[in-house]
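S.K.: Got a structure here, written out as structure tokens. Questions coming.
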Amino acid sequence: MQWLPGRKAATIVTLVMLACAHLYFEGLDNLEDVWGGEEFEHVQTGQLVDTEGRLEPPRPQGSDVRDFCEVPARQFGRGEDLKSSVFDACCANPNVSEGDNLQSAGTNLTFIAIPKAGSTTVADLMKVDKLHHMAKDRMDDLRRPGQFAFAVVRSPFSRMLSWFKFCICKDPVPFPRALCRYAFRMSEENLHDQPLAFRKWLKVAVDYPNYWVETPMVDWIKDENGKVIIDYVVRNEHIVEDLSKLSCMIKRPLNKVERHNPSKCNRRTYTIRGNQHNGSDTDIMEAVRQLNFLNLTQCYDSESVKIVAAKFRKDLDYFGYSEPKA
């Protein structure tokens, strides 16, 4: 029976190797996509919207939740007061207890869920419905007394990359299906160069006739007259910090949720979605690995940067996002 220890050791080594391979090919499981580099370190944190629909100057970087609460009760975009007691309680106890709720703040939440901006994570954390309806289509909700409206935004460049990965890695084929099938086709035709597949898809995607994809994010939060009518903007790049501030400000605790990334690829999904793979299993695994680790530096060249910047110029100007270095 001297062979048992050796066999056990071999089994352990095999299991460790399989675990490492799983982590390698499944990618990172974070709240945010892997952008690569320091493209978004300059991005401002969450901001309130003034009565004219303009973003108010953000609090200084590094301000904690207590600092954020040191603002007086103010008029929000629709001229409604948020009770000063909310801010007082927030400053006195930044750690909102489980007993506090939305009603205690005298406020109702309306979440304008912009597709591929991080809305799933935010909806789960804030315990709100995720309805992909523009603000101008939810005026009945927004006109209710004590309403507080917010949205989450992200860089248009990372948002388009997120669309591409979502189209390929989600099973079954997600909406908009025709555009997502085209993304998968580009991925299949360029198994060893997923950044190239993205750039080819992008040229079609920016002009695809679907408002989920082609509408600038700032238009999602405007009324029929073109005025921004929400009260607070969450930045995906600072999603944890911004939601903590919002939770404190409206005296509503964040929900406990597991981290997830719906745009994470795996070999099984890629194989099921495929029609005719020209490559081997090794080729497919390499494509999946690339998809899970795509970042802006890899995917954007000067031409693709210009394409997105031209299409979403309004977002760059209003939210203050800048173009990544190509």
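Letters A, B, ... mark the chains of the structure tokens in the order given; residue numbers begin at 1 per chain; ligand numbers begin at 1, in order shown.
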Give the alpha helix (DSSP H) residues of range 139-264 of chain A, as assigned by DSSP on the backbone, as a ChimeraX atom specification.

M.R.: /A:139-142,156-169,177-189,194-205,211-214,217-220,239-250

S.K.: Please list as number ranges by chain every residue within 7 Å of range 285-288 of chain A, counting only C-alpha atoms and excluding residues in the same chain fewer than 6 positions away.

M.R.: A: 25, 191-192, 194, 265-267

S.K.: Taking only C-alpha atoms into account, name the residue in A:His238, A:Arg138, A:Lys203, A:Lys170 that is nearest to Gly118 in chain A.

M.R.: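 Closest residue, counting only C-alpha atoms: A:His238.
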
S.K.: Given only C-alpha atoms as the basis, pick out the residue of A:Asp129, A:Leu109, A:Phe184, A:Asp171 nearest to Gly146 in chain A.

M.R.: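 That would be A:Leu109, the residue with the smallest distance to Gly146 in chain A.
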
S.K.: Per DSSP on the backbone, what are the strand (DSSP E) residues of range 195-271 of chain A, as a list in words?

M.R.: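 So the strand (DSSP E) residues in range 195-271 of chain A would be Tyr232, Val233, Val234 and Arg235 of chain A.
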
S.K.: Keeping only all heavy atoms, take the residues you just selected and write them out as a JSON list (two decimals), in the first residue's frame.

M.R.:
[["chain", "number", "residue", "atom", "x", "y", "z"],
["A", 232, "TYR", "N", -29.39, 62.81, -8.35],
["A", 232, "TYR", "CA", -28.07, 62.33, -7.96],
["A", 232, "TYR", "C", -27.53, 61.40, -9.03],
["A", 232, "TYR", "O", -28.26, 60.59, -9.60],
["A", 232, "TYR", "CB", -28.16, 61.59, -6.62],
["A", 232, "TYR", "CG", -26.84, 61.16, -6.03],
["A", 232, "TYR", "CD1", -25.96, 62.09, -5.49],
["A", 232, "TYR", "CD2", -26.49, 59.81, -5.97],
["A", 232, "TYR", "CE1", -24.75, 61.68, -4.93],
["A", 232, "TYR", "CE2", -25.29, 59.39, -5.41],
["A", 232, "TYR", "CZ", -24.43, 60.33, -4.89],
["A", 232, "TYR", "OH", -23.24, 59.93, -4.34],
["A", 233, "VAL", "N", -26.23, 61.52, -9.30],
["A", 233, "VAL", "CA", -25.56, 60.70, -10.29],
["A", 233, "VAL", "C", -24.50, 59.84, -9.59],
["A", 233, "VAL", "O", -23.60, 60.37, -8.92],
["A", 233, "VAL", "CB", -24.89, 61.56, -11.38],
["A", 233, "VAL", "CG1", -24.05, 60.69, -12.31],
["A", 233, "VAL", "CG2", -25.95, 62.31, -12.18],
["A", 234, "VAL", "N", -24.63, 58.53, -9.74],
["A", 234, "VAL", "CA", -23.64, 57.58, -9.24],
["A", 234, "VAL", "C", -22.65, 57.28, -10.36],
["A", 234, "VAL", "O", -23.06, 57.07, -11.50],
["A", 234, "VAL", "CB", -24.31, 56.27, -8.77],
["A", 234, "VAL", "CG1", -23.27, 55.22, -8.40],
["A", 234, "VAL", "CG2", -25.26, 56.54, -7.61],
["A", 235, "ARG", "N", -21.38, 57.28, -10.03],
["A", 235, "ARG", "CA", -20.35, 56.94, -11.02],
["A", 235, "ARG", "C", -19.98, 55.46, -10.86],
["A", 235, "ARG", "O", -19.59, 55.03, -9.78],
["A", 235, "ARG", "CB", -19.10, 57.79, -10.82],
["A", 235, "ARG", "CG", -19.35, 59.29, -10.82],
["A", 235, "ARG", "CD", -19.46, 59.82, -12.22],
["A", 235, "ARG", "NE", -19.62, 61.27, -12.23],
["A", 235, "ARG", "CZ", -19.36, 62.05, -13.26],
["A", 235, "ARG", "NH1", -18.91, 61.51, -14.37],
["A", 235, "ARG", "NH2", -19.54, 63.34, -13.19]]

S.K.: Compare A:Val206, A:Val213, A:Ile307, A:Ala123 by their minimum atom-to-atom distance to Arg177 in chain A, counting only C-alpha atoms, and give me the closest one.

M.R.: A:Val213

S.K.: What is the CA of Lys311 in chain A-CA of Thr215 in chain A distance in Å, reported with one decimal?

M.R.: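 So the two atoms, CA of Lys311 in chain A and CA of Thr215 in chain A, lie 8.9 Å apart.
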
S.K.: For Gln147 in chain A, list every protein, DNA or RNA residue within 8 Å, evaluated using only C-alpha atoms, and leave out those in the same chain fewer than 2 positions away; present the list as a ChimeraX atom specification.

M.R.: /A:80,107-110,141-145,149

S.K.: Tell me, in Å to one decimal, how far CA of Ile168 in chain A is from CA of Val218 in chain A.

M.R.: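 Computing the Euclidean distance for CA of Ile168 in chain A and CA of Val218 in chain A yields 26.2 Å.
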
S.K.: Measuring between only C-alpha atoms, which one of A:Gln298, A:Thr282, A:Gln47, A:Asn255 shows the shortest distance to Val128 in chain A?

M.R.: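 The answer is A:Asn255, which sits nearest to Val128 in chain A.
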
S.K.: For range 299-306 of chain A, list every protein, DNA or RNA residue within 9 Å, evaluated using only C-alpha atoms, and leave out those in the same chain fewer than 2 positions away; present the list as a ChimeraX atom specification.

M.R.: /A:157,161,194-199,202-203,294-297,308-311,323-326

S.K.: One number please: CA of Pro209 in chain A to CA of Thr120 in chain A, in Å, one decimal.

M.R.: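 According to the coordinates, CA of Pro209 in chain A and CA of Thr120 in chain A are separated by 23.3 Å.
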